[in-house]
$ cat entry-v4.txt   # compact mmCIF, C-alpha atoms
# COMPACT_ATOMS: atom_id res chain seq x y z
CA MET I 20 -49.01 42.36 -19.13
CA PRO I 21 -50.64 44.79 -21.61
CA GLU I 22 -54.02 46.24 -20.70
CA LEU I 23 -56.85 44.02 -21.90
CA SER I 24 -59.47 45.21 -24.37
CA THR I 25 -63.03 45.77 -23.18
CA GLU I 26 -64.17 42.71 -25.13
CA LEU I 27 -61.48 40.46 -23.67
CA ASN I 28 -62.18 41.72 -20.17
CA ALA I 29 -65.85 40.88 -20.62
CA LEU I 30 -64.97 37.43 -21.96
CA LYS I 31 -62.63 36.66 -19.08
CA SER I 32 -65.26 37.87 -16.62
CA ARG I 33 -67.79 35.42 -18.10
CA LEU I 34 -65.27 32.59 -17.96
CA LYS I 35 -64.46 33.34 -14.33
CA ASP I 36 -68.16 33.37 -13.51
CA THR I 37 -68.56 30.01 -15.22
CA TRP I 38 -65.80 28.33 -13.20
CA ARG I 39 -66.98 29.92 -9.98
CA SER I 40 -70.43 28.44 -10.59
CA GLY I 41 -71.44 25.07 -9.32
CA ASP I 42 -68.74 23.27 -7.36
CA PHE I 43 -65.91 21.79 -9.38
CA GLY I 44 -64.59 20.20 -6.21
CA GLN I 45 -67.50 17.77 -6.46
CA ILE I 46 -66.53 16.92 -10.05
CA GLY I 47 -62.81 16.64 -9.37
CA ARG I 48 -63.36 13.93 -6.79
CA ALA I 49 -64.50 11.60 -9.55
CA HIS I 50 -61.04 11.49 -11.14
CA ALA I 51 -58.90 12.31 -8.09
CA ARG I 52 -57.02 9.01 -8.34
CA GLY I 53 -55.86 9.91 -11.85
CA ASN I 54 -54.66 13.31 -10.67
CA VAL I 55 -52.55 11.69 -7.95
CA GLU I 56 -51.07 9.21 -10.42
CA PHE I 57 -50.17 12.14 -12.70
CA VAL I 58 -48.22 13.76 -9.86
CA GLU I 59 -46.55 10.49 -8.90
CA ARG I 60 -45.13 10.16 -12.44
CA LEU I 61 -43.39 13.53 -12.05
CA SER I 62 -40.84 12.12 -9.57
CA ILE I 63 -41.09 15.07 -7.21
CA GLU I 64 -38.25 15.35 -4.72
CA PRO I 65 -38.35 16.98 -1.27
CA GLY I 66 -37.71 20.70 -1.37
CA MET I 67 -38.73 21.22 -5.00
CA LYS I 68 -40.67 24.40 -5.68
CA VAL I 69 -43.91 23.43 -7.43
CA LEU I 70 -46.61 25.62 -8.94
CA ASP I 71 -50.02 24.05 -9.60
CA VAL I 72 -51.82 26.25 -12.15
CA ALA I 73 -55.64 26.15 -12.13
CA CYS I 74 -55.33 23.95 -9.06
CA GLY I 75 -59.04 23.52 -8.41
CA ALA I 76 -59.72 22.00 -5.00
CA GLY I 77 -56.05 21.10 -4.59
CA THR I 78 -55.85 17.36 -5.28
CA ALA I 79 -52.62 17.53 -7.30
CA SER I 80 -51.15 20.21 -5.02
CA ILE I 81 -51.70 18.05 -1.97
CA ALA I 82 -50.13 15.03 -3.67
CA ALA I 83 -47.05 17.15 -4.47
CA ALA I 84 -46.89 18.47 -0.89
CA LEU I 85 -47.08 14.93 0.46
CA ALA I 86 -44.03 14.14 -1.69
CA GLY I 87 -42.16 16.91 0.13
CA ALA I 88 -42.47 19.76 -2.36
CA GLU I 89 -42.90 23.42 -1.50
CA VAL I 90 -46.24 23.93 -3.24
CA THR I 91 -48.15 26.96 -4.48
CA GLY I 92 -51.59 26.48 -6.00
CA VAL I 93 -53.35 29.17 -8.03
CA ASP I 94 -56.88 29.27 -9.45
CA ILE I 95 -59.31 31.93 -10.70
CA ALA I 96 -62.15 30.69 -8.49
CA GLN I 97 -62.09 31.82 -4.86
CA ASN I 98 -64.47 29.05 -3.80
CA LEU I 99 -62.03 26.43 -5.10
CA ILE I 100 -59.09 28.10 -3.38
CA ASP I 101 -61.07 27.97 -0.14
CA GLN I 102 -61.66 24.24 -0.71
CA ALA I 103 -57.99 23.65 -1.49
CA ILE I 104 -56.95 25.33 1.75
CA ALA I 105 -59.41 23.22 3.73
CA ASN I 106 -58.41 20.01 1.95
CA ALA I 107 -54.70 20.65 2.58
CA GLU I 108 -55.39 21.23 6.27
CA GLN I 109 -57.39 18.02 6.43
CA ALA I 110 -54.54 16.14 4.71
CA GLY I 111 -52.06 17.59 7.20
CA VAL I 112 -49.83 19.26 4.61
CA THR I 113 -48.55 22.80 4.16
CA ALA I 114 -49.27 24.47 0.83
CA ARG I 115 -49.94 28.01 -0.30
CA PHE I 116 -53.12 28.72 -2.26
CA GLU I 117 -54.21 31.97 -3.86
CA VAL I 118 -56.45 33.43 -6.53
CA GLY I 119 -54.73 34.12 -9.84
CA ASP I 120 -55.00 33.92 -13.62
CA ALA I 121 -53.13 31.36 -15.74
CA GLU I 122 -52.62 34.10 -18.33
CA ASP I 123 -51.07 36.52 -15.83
CA LEU I 124 -49.35 34.51 -13.12
CA PRO I 125 -48.31 36.67 -10.15
CA TYR I 126 -44.88 35.07 -9.79
CA GLU I 127 -41.32 35.95 -10.72
CA ASP I 128 -39.52 34.60 -13.75
CA GLY I 129 -38.00 31.17 -13.22
CA GLY I 130 -39.35 30.80 -9.71
CA PHE I 131 -40.40 27.13 -9.87
CA ASP I 132 -38.70 23.80 -10.50
CA LEU I 133 -41.97 22.29 -11.69
CA VAL I 134 -45.04 23.98 -13.14
CA MET I 135 -47.95 21.57 -13.42
CA THR I 136 -51.58 21.83 -14.47
CA MET I 137 -54.06 18.98 -14.64
CA PHE I 138 -57.18 19.73 -16.72
CA GLY I 139 -56.83 23.39 -15.78
CA ALA I 140 -54.73 25.80 -17.83
CA MET I 141 -56.13 24.24 -21.01
CA PHE I 142 -59.31 26.26 -20.42
CA ALA I 143 -57.66 29.69 -20.40
CA PRO I 144 -58.92 31.61 -23.46
CA ARG I 145 -55.54 32.60 -24.96
CA PRO I 146 -53.35 29.47 -25.22
CA ASP I 147 -50.37 31.36 -26.59
CA VAL I 148 -50.37 33.64 -23.55
CA THR I 149 -50.87 30.67 -21.23
CA ALA I 150 -47.97 28.76 -22.78
CA SER I 151 -45.76 31.82 -22.44
CA GLU I 152 -46.67 32.24 -18.76
CA LEU I 153 -46.09 28.56 -17.94
CA LYS I 154 -42.63 28.83 -19.48
CA ARG I 155 -41.86 32.18 -17.88
CA VAL I 156 -42.35 31.07 -14.28
CA CYS I 157 -40.46 27.79 -14.79
CA LYS I 158 -36.71 27.85 -14.19
CA SER I 159 -34.20 26.88 -16.86
CA GLY I 160 -33.91 23.09 -16.78
CA GLY I 161 -37.22 22.82 -14.96
CA VAL I 162 -40.32 20.97 -16.11
CA ILE I 163 -43.78 22.02 -17.28
CA ALA I 164 -46.28 19.18 -16.92
CA MET I 165 -49.83 19.26 -18.28
CA GLY I 166 -52.74 16.85 -18.39
CA ASN I 167 -55.09 17.86 -21.23
CA TRP I 168 -58.27 16.18 -22.44
CA THR I 169 -58.02 14.99 -26.06
CA PRO I 170 -60.65 15.98 -28.66
CA ASP I 171 -61.94 12.43 -29.17
CA SER I 172 -61.99 11.50 -25.49
CA PHE I 173 -65.19 10.97 -23.56
CA THR I 174 -64.67 14.37 -21.96
CA GLY I 175 -64.16 15.87 -25.40
CA GLN I 176 -67.55 14.44 -26.37
CA THR I 177 -69.19 16.09 -23.36
CA PHE I 178 -67.67 19.43 -24.44
CA LYS I 179 -69.07 18.96 -27.95
CA LEU I 180 -72.49 18.26 -26.47
CA ASN I 181 -72.30 21.39 -24.36
CA ALA I 182 -71.26 23.43 -27.41
CA LYS I 183 -74.26 22.10 -29.32
CA TYR I 184 -76.57 23.88 -26.89
CA ASN I 185 -74.29 26.81 -26.05
CA PRO I 186 -71.76 27.55 -28.84
CA PRO I 187 -68.57 29.06 -27.40
CA PRO I 188 -67.22 32.41 -28.63
CA ALA I 189 -65.60 31.96 -32.02
CA GLU I 190 -62.48 33.82 -30.91
CA ILE I 191 -61.60 31.20 -28.26
CA PRO I 192 -59.62 28.19 -29.54
CA ALA I 193 -61.16 24.92 -28.40
CA PRO I 194 -59.59 23.87 -25.05
CA VAL I 195 -59.18 20.29 -26.30
CA LEU I 196 -56.64 21.49 -28.88
CA TRP I 197 -54.24 21.30 -25.92
CA GLY I 198 -54.81 17.54 -26.22
CA THR I 199 -53.51 17.43 -29.80
CA GLU I 200 -49.84 16.58 -30.27
CA ALA I 201 -49.21 18.86 -33.25
CA VAL I 202 -50.77 21.85 -31.51
CA VAL I 203 -48.78 21.31 -28.31
CA ARG I 204 -45.56 21.02 -30.30
CA GLU I 205 -46.35 24.36 -31.95
CA ARG I 206 -47.22 26.10 -28.67
CA PHE I 207 -44.05 24.80 -27.05
CA SER I 208 -41.81 25.26 -30.08
CA ASP I 209 -39.77 27.99 -28.38
CA GLY I 210 -37.86 27.76 -25.12
CA ILE I 211 -38.30 24.00 -24.67
CA SER I 212 -35.35 21.61 -24.92
CA ASP I 213 -37.28 18.35 -24.68
CA LEU I 214 -40.97 17.55 -25.16
CA GLN I 215 -42.57 14.21 -24.35
CA LEU I 216 -46.22 13.57 -25.20
CA THR I 217 -48.05 10.48 -23.95
CA ARG I 218 -51.70 9.53 -24.32
CA ARG I 219 -53.07 8.15 -21.07
CA LYS I 220 -56.40 6.95 -19.71
CA ILE I 221 -58.18 8.16 -16.63
CA PHE I 222 -61.44 7.06 -15.04
CA PHE I 223 -64.41 9.01 -13.78
CA GLU I 224 -65.90 6.97 -10.93
CA PHE I 225 -69.17 7.71 -9.15
CA PRO I 226 -71.03 5.68 -6.49
CA PHE I 227 -74.31 6.13 -8.37
CA GLY I 228 -75.74 5.46 -11.83
CA PRO I 229 -75.44 7.40 -15.11
CA THR I 230 -78.72 9.26 -14.67
CA GLU I 231 -77.58 10.59 -11.31
CA VAL I 232 -74.17 11.44 -12.81
CA ALA I 233 -75.85 13.57 -15.49
CA ASP I 234 -77.78 15.43 -12.80
CA HIS I 235 -74.56 15.76 -10.80
CA PHE I 236 -72.88 17.56 -13.72
CA LEU I 237 -75.93 19.75 -14.32
CA LYS I 238 -75.71 20.85 -10.70
CA TYR I 239 -71.97 21.11 -10.08
CA PHE I 240 -70.02 21.47 -13.36
CA GLY I 241 -69.93 25.18 -14.14
CA PRO I 242 -69.98 25.03 -17.98
CA THR I 243 -72.82 22.49 -18.03
CA GLN I 244 -74.73 24.28 -15.28
CA LYS I 245 -74.50 27.62 -17.10
CA THR I 246 -75.65 26.07 -20.37
CA PHE I 247 -78.56 24.32 -18.68
CA GLU I 248 -79.69 27.54 -17.01
CA SER I 249 -79.64 29.36 -20.35
CA LEU I 250 -82.13 26.96 -21.98
CA ASP I 251 -85.89 26.85 -21.97
CA GLY I 252 -87.74 23.84 -20.59
CA ALA I 253 -87.55 21.82 -23.79
CA GLY I 254 -83.87 22.58 -24.21
CA GLN I 255 -83.12 21.57 -20.63
CA GLU I 256 -84.98 18.29 -21.09
CA SER I 257 -83.08 17.60 -24.32
CA LEU I 258 -79.65 18.38 -22.83
CA ARG I 259 -80.30 16.25 -19.78
CA SER I 260 -81.52 13.37 -21.95
CA GLU I 261 -78.40 13.48 -24.12
CA LEU I 262 -76.14 13.64 -21.07
CA VAL I 263 -77.81 10.58 -19.57
CA GLU I 264 -77.47 8.76 -22.88
CA LEU I 265 -73.77 9.64 -23.19
CA TRP I 266 -72.88 8.52 -19.65
CA THR I 267 -74.96 5.37 -20.02
CA ALA I 268 -73.38 4.39 -23.34
CA HIS I 269 -69.84 4.65 -21.92
CA ASN I 270 -70.44 3.22 -18.47
CA GLN I 271 -68.19 0.23 -17.73
CA ALA I 272 -69.61 -0.52 -14.29
CA THR I 273 -71.81 -3.59 -13.97
CA ASP I 274 -73.57 -2.59 -10.77
CA GLU I 275 -75.31 0.59 -9.63
CA ARG I 276 -72.16 2.69 -9.98
CA THR I 277 -70.68 4.60 -12.92
CA LYS I 278 -67.17 4.15 -14.28
CA VAL I 279 -66.23 5.89 -17.52
CA GLU I 280 -62.82 6.01 -19.19
CA SER I 281 -61.51 9.21 -20.75
CA GLU I 282 -58.25 9.89 -22.57
CA HIS I 283 -55.87 12.76 -21.94
CA LEU I 284 -52.55 13.90 -23.32
CA GLU I 285 -49.76 14.06 -20.78
CA VAL I 286 -47.31 16.81 -21.66
CA ILE I 287 -43.82 16.84 -20.13
CA ALA I 288 -41.82 19.84 -21.37
CA LYS I 289 -38.31 20.62 -20.17
CA LYS I 290 -37.48 24.30 -20.29
CA ALA I 291 -34.27 25.17 -22.10
$ encode --input "entry-v4.txt" --output "structure tokens"
Amino acid sequence: MPELSTELNALKSRLKDTWRSGDFGQIGRAHARGNVEFVERLSIEPGMKVLDVACGAGTASIAAALAGAEVTGVDIAQNLIDQAIANAEQAGVTARFEVGDAEDLPYEDGGFDLVMTMFGAMFAPRPDVTASELKRVCKSGGVIAMGNWTPDSFTGQTFKLNAKYNPPPAEIPAPVLWGTEAVVRERFSDGISDLQLTRRKIFFEFPFGPTEVADHFLKYFGPTQKTFESLDGAGQESLRSELVELWTAHNQATDERTKVESEHLEVIAKKA
């Protein structure tokens, strides 16, 4: 991997700091069921070598290990790797977890039967490099599987809201472009023999109301937390108010809970 420029190093450092902030493990629990269903659709067989890129607290990794796979999970945030290790131990499965970058995966060429990433690698700042790395570490005939939020999804709307208060660097392509069919086809135009793209729904479920969910994200979701901290009092009040309004408007629960549907693009790419 070529040496990074000073500007790119600084950018990646800020991104790492963002994802190490808060506690994404708390957020991931809200859609854990969807992550497990994603893994179940991959038809994992015992003995398969699986790499979970941007594994977070390990929900998908653990599901793959329970199916009998030999699993490695990698993430840029040490606190999430620590959670993944603890969660795997609690689940009674063996999996390897380590800190690493989706744009510079520390693994040999063609080392995995399945390379998967659920709402993870889409946030790496250089999608062309990320796509190249996902393909590089996957064996010929193996599968790359991604779950990526779509631009018009509920989650896409939360990203737009965050960008309203904290515009992202212009040089970073929007992560939700990974949820656009035409863009994915372009990024996987080389080295892929078959590409299947399916729009699917997933639910965020919380045992408390939309107002508490908004506060939950302000406390635990790194990008939202960082934006909130950067604002003055009036800005913080405005962001919180808009978050509450967004979660309230999309809440399908009829009791004191919160249940919100969000769309993602499921990408199944077979390496040539």
$ closest_residue --input "entry-v4.txt" --among "I:Tyr184, I:Phe131, I:Trp38, I:Phe138" --to "Glu248 of chain I" --atoms "all atoms listed in the file"
I:Tyr184
$ residues_near_point --input "entry-v4.txt" --point "(-61.8, 29.2, -23.8)" --cutoff "7 Å" --atoms "all atoms listed in the file" --output "list in words"
Phe142, Ala143, Pro144, Ile191, Pro192, Ala193 and Pro194 of chain I
$ write_last_selection --input "entry-v4.txt" --atoms "C-alpha atoms" --output "compact mmCIF listing (two decimals), in the frame of the given file"
# COMPACT_ATOMS: atom_id res chain seq x y z
CA PHE I 142 -59.31 26.26 -20.42
CA ALA I 143 -57.66 29.69 -20.40
CA PRO I 144 -58.92 31.61 -23.46
CA ILE I 191 -61.60 31.20 -28.26
CA PRO I 192 -59.62 28.19 -29.54
CA ALA I 193 -61.16 24.92 -28.40
CA PRO I 194 -59.59 23.87 -25.05
$ residues_near_point --input "entry-v4.txt" --point "(-51.0, 28.3, -8.6)" --cutoff "12 Å" --atoms "only C-alpha atoms" --output "PDB file with C-alpha atoms, keeping the file's coordinate frame"
ATOM      1  CA  LYS I  68     -40.670  24.400  -5.680  1.00  0.00           C
ATOM      2  CA  VAL I  69     -43.910  23.430  -7.430  1.00  0.00           C
ATOM      3  CA  LEU I  70     -46.610  25.620  -8.940  1.00  0.00           C
ATOM      4  CA  ASP I  71     -50.020  24.050  -9.600  1.00  0.00           C
ATOM      5  CA  VAL I  72     -51.820  26.250 -12.150  1.00  0.00           C
ATOM      6  CA  ALA I  73     -55.640  26.150 -12.130  1.00  0.00           C
ATOM      7  CA  CYS I  74     -55.330  23.950  -9.060  1.00  0.00           C
ATOM      8  CA  GLY I  75     -59.040  23.520  -8.410  1.00  0.00           C
ATOM      9  CA  ALA I  76     -59.720  22.000  -5.000  1.00  0.00           C
ATOM     10  CA  GLY I  77     -56.050  21.100  -4.590  1.00  0.00           C
ATOM     11  CA  ALA I  79     -52.620  17.530  -7.300  1.00  0.00           C
ATOM     12  CA  SER I  80     -51.150  20.210  -5.020  1.00  0.00           C
ATOM     13  CA  GLU I  89     -42.900  23.420  -1.500  1.00  0.00           C
ATOM     14  CA  VAL I  90     -46.240  23.930  -3.240  1.00  0.00           C
ATOM     15  CA  THR I  91     -48.150  26.960  -4.480  1.00  0.00           C
ATOM     16  CA  GLY I  92     -51.590  26.480  -6.000  1.00  0.00           C
ATOM     17  CA  VAL I  93     -53.350  29.170  -8.030  1.00  0.00           C
ATOM     18  CA  ASP I  94     -56.880  29.270  -9.450  1.00  0.00           C
ATOM     19  CA  ILE I  95     -59.310  31.930 -10.700  1.00  0.00           C
ATOM     20  CA  ALA I  96     -62.150  30.690  -8.490  1.00  0.00           C
ATOM     21  CA  LEU I  99     -62.030  26.430  -5.100  1.00  0.00           C
ATOM     22  CA  ILE I 100     -59.090  28.100  -3.380  1.00  0.00           C
ATOM     23  CA  ALA I 103     -57.990  23.650  -1.490  1.00  0.00           C
ATOM     24  CA  ALA I 114     -49.270  24.470   0.830  1.00  0.00           C
ATOM     25  CA  ARG I 115     -49.940  28.010  -0.300  1.00  0.00           C
ATOM     26  CA  PHE I 116     -53.120  28.720  -2.260  1.00  0.00           C
ATOM     27  CA  GLU I 117     -54.210  31.970  -3.860  1.00  0.00           C
ATOM     28  CA  VAL I 118     -56.450  33.430  -6.530  1.00  0.00           C
ATOM     29  CA  GLY I 119     -54.730  34.120  -9.840  1.00  0.00           C
ATOM     30  CA  ASP I 120     -55.000  33.920 -13.620  1.00  0.00           C
ATOM     31  CA  ALA I 121     -53.130  31.360 -15.740  1.00  0.00           C
ATOM     32  CA  GLU I 122     -52.620  34.100 -18.330  1.00  0.00           C
ATOM     33  CA  ASP I 123     -51.070  36.520 -15.830  1.00  0.00           C
ATOM     34  CA  LEU I 124     -49.350  34.510 -13.120  1.00  0.00           C
ATOM     35  CA  PRO I 125     -48.310  36.670 -10.150  1.00  0.00           C
ATOM     36  CA  TYR I 126     -44.880  35.070  -9.790  1.00  0.00           C
ATOM     37  CA  GLY I 130     -39.350  30.800  -9.710  1.00  0.00           C
ATOM     38  CA  PHE I 131     -40.400  27.130  -9.870  1.00  0.00           C
ATOM     39  CA  LEU I 133     -41.970  22.290 -11.690  1.00  0.00           C
ATOM     40  CA  VAL I 134     -45.040  23.980 -13.140  1.00  0.00           C
ATOM     41  CA  MET I 135     -47.950  21.570 -13.420  1.00  0.00           C
ATOM     42  CA  THR I 136     -51.580  21.830 -14.470  1.00  0.00           C
ATOM     43  CA  MET I 137     -54.060  18.980 -14.640  1.00  0.00           C
ATOM     44  CA  GLY I 139     -56.830  23.390 -15.780  1.00  0.00           C
ATOM     45  CA  ALA I 140     -54.730  25.800 -17.830  1.00  0.00           C
ATOM     46  CA  GLU I 152     -46.670  32.240 -18.760  1.00  0.00           C
ATOM     47  CA  LEU I 153     -46.090  28.560 -17.940  1.00  0.00           C
ATOM     48  CA  VAL I 156     -42.350  31.070 -14.280  1.00  0.00           C
TER      49      VAL I 156
END
$ closest_residue --input "entry-v4.txt" --among "I:Met141, I:Ala105, I:Ala201, I:Ala291" --to "Lys158 of chain I" --atoms "only C-alpha atoms"
I:Ala291
$ closest_residue --input "entry-v4.txt" --among "I:His235, I:Lys183, I:Phe207, I:Asp128" --to "Phe43 of chain I" --atoms "only C-alpha atoms"
I:His235
$ closest_residue --input "entry-v4.txt" --among "I:Leu258, I:Ala82, I:Ile63, I:Ala150" --to "Lys179 of chain I" --atoms "only C-alpha atoms"
I:Leu258
$ atom_distance --input "entry-v4.txt" --atom1 "atom CA of Asp234 of chain I" --atom2 "atom CA of Ser257 of chain I"
12.9 Å
$ residues_around --input "entry-v4.txt" --residues "segment 108-113 of chain I" --least-positions-apart "4" --cutoff "7 Å" --atoms "only C-alpha atoms" --output "list in words"
Ile81, Ala84, Leu85 and Ile104 of chain I
$ residues_around --input "entry-v4.txt" --residues "segment 210-218 of chain I" --least-positions-apart "6" --cutoff "6 Å" --atoms "all atoms listed in the file" --output "MDAnalysis selection string"
chainID I and resid 283:291
$ residues_around --input "entry-v4.txt" --residues "Asp42 of chain I" --least-positions-apart "3" --cutoff "7 Å" --atoms "all atoms listed in the file" --output "VMD selection string"
chain I and resid 45 239 to 240
$ closest_residue --input "entry-v4.txt" --among "I:Asn167, I:Gln97, I:Thr37, I:Gln255" --to "Phe57 of chain I" --atoms "only C-alpha atoms"
I:Asn167
$ atom_distance --input "entry-v4.txt" --atom1 "atom CA of Lys220 of chain I" --atom2 "atom CA of Arg52 of chain I"
11.6 Å
$ closest_atom_pairs --input "entry-v4.txt" --of "segment 146-215 of chain I" --to "segment 25-36 of chain I" --cutoff "12 Å" --atoms "all atoms listed in the file" --output "tab-separated table"
residue	atom	partner	partner_atom	distance
I:Pro187	CA	I:Leu34	CA	10.6
I:Pro188	CA	I:Leu30	CA	8.6
I:Ala189	CA	I:Leu30	CA	11.5
I:Glu190	CA	I:Leu27	CA	9.9
I:Ile191	CA	I:Leu30	CA	9.5
$ atom_distance --input "entry-v4.txt" --atom1 "atom CA of Glu256 of chain I" --atom2 "atom CA of Thr273 of chain I"
26.5 Å
$ decode --input "entry-v4.txt" --residues "segment 190-226 of chain I" --atoms "C-alpha atoms" --output "mmCIF file, in the first residue's frame"
data_model
loop_
_atom_site.group_PDB
_atom_site.id
_atom_site.type_symbol
_atom_site.label_atom_id
_atom_site.label_comp_id
_atom_site.auth_asym_id
_atom_site.auth_seq_id
_atom_site.Cartn_x
_atom_site.Cartn_y
_atom_site.Cartn_z
ATOM 1 C CA GLU I 190 -13.257 14.716 -1.016
ATOM 2 C CA ILE I 191 -15.078 11.774 0.624
ATOM 3 C CA PRO I 192 -17.791 10.140 -1.527
ATOM 4 C CA ALA I 193 -21.040 9.746 0.388
ATOM 5 C CA PRO I 194 -21.078 6.321 2.132
ATOM 6 C CA VAL I 195 -24.663 5.720 0.968
ATOM 7 C CA LEU I 196 -23.465 5.592 -2.646
ATOM 8 C CA TRP I 197 -22.588 1.988 -1.738
ATOM 9 C CA GLY I 198 -26.370 1.540 -1.541
ATOM 10 C CA THR I 199 -26.875 2.571 -5.177
ATOM 11 C CA GLU I 200 -27.007 -0.212 -7.755
ATOM 12 C CA ALA I 201 -25.252 1.661 -10.561
ATOM 13 C CA VAL I 202 -22.382 2.706 -8.301
ATOM 14 C CA VAL I 203 -21.880 -0.819 -6.949
ATOM 15 C CA ARG I 204 -21.847 -2.233 -10.473
ATOM 16 C CA GLU I 205 -19.127 0.265 -11.386
ATOM 17 C CA ARG I 206 -17.025 -0.459 -8.293
ATOM 18 C CA PHE I 207 -17.294 -4.195 -8.888
ATOM 19 C CA SER I 208 -16.952 -4.039 -12.670
ATOM 20 C CA ASP I 209 -13.584 -5.815 -12.612
ATOM 21 C CA GLY I 210 -12.792 -9.227 -11.172
ATOM 22 C CA ILE I 211 -16.403 -10.205 -10.456
ATOM 23 C CA SER I 212 -18.117 -12.997 -12.394
ATOM 24 C CA ASP I 213 -21.614 -12.572 -10.956
ATOM 25 C CA LEU I 214 -23.241 -9.692 -9.081
ATOM 26 C CA GLN I 215 -26.631 -9.872 -7.391
ATOM 27 C CA LEU I 216 -28.174 -6.759 -5.843
ATOM 28 C CA THR I 217 -31.287 -6.944 -3.670
ATOM 29 C CA ARG I 218 -33.037 -4.198 -1.728
ATOM 30 C CA ARG I 219 -34.034 -5.400 1.721
ATOM 31 C CA LYS I 220 -35.635 -3.972 4.844
ATOM 32 C CA ILE I 221 -34.263 -4.040 8.346
ATOM 33 C CA PHE I 222 -35.711 -2.759 11.613
ATOM 34 C CA PHE I 223 -34.231 -0.651 14.364
ATOM 35 C CA GLU I 224 -35.958 -1.723 17.581
ATOM 36 C CA PHE I 225 -35.605 -0.033 20.964
ATOM 37 C CA PRO I 226 -37.433 -0.713 24.251
#
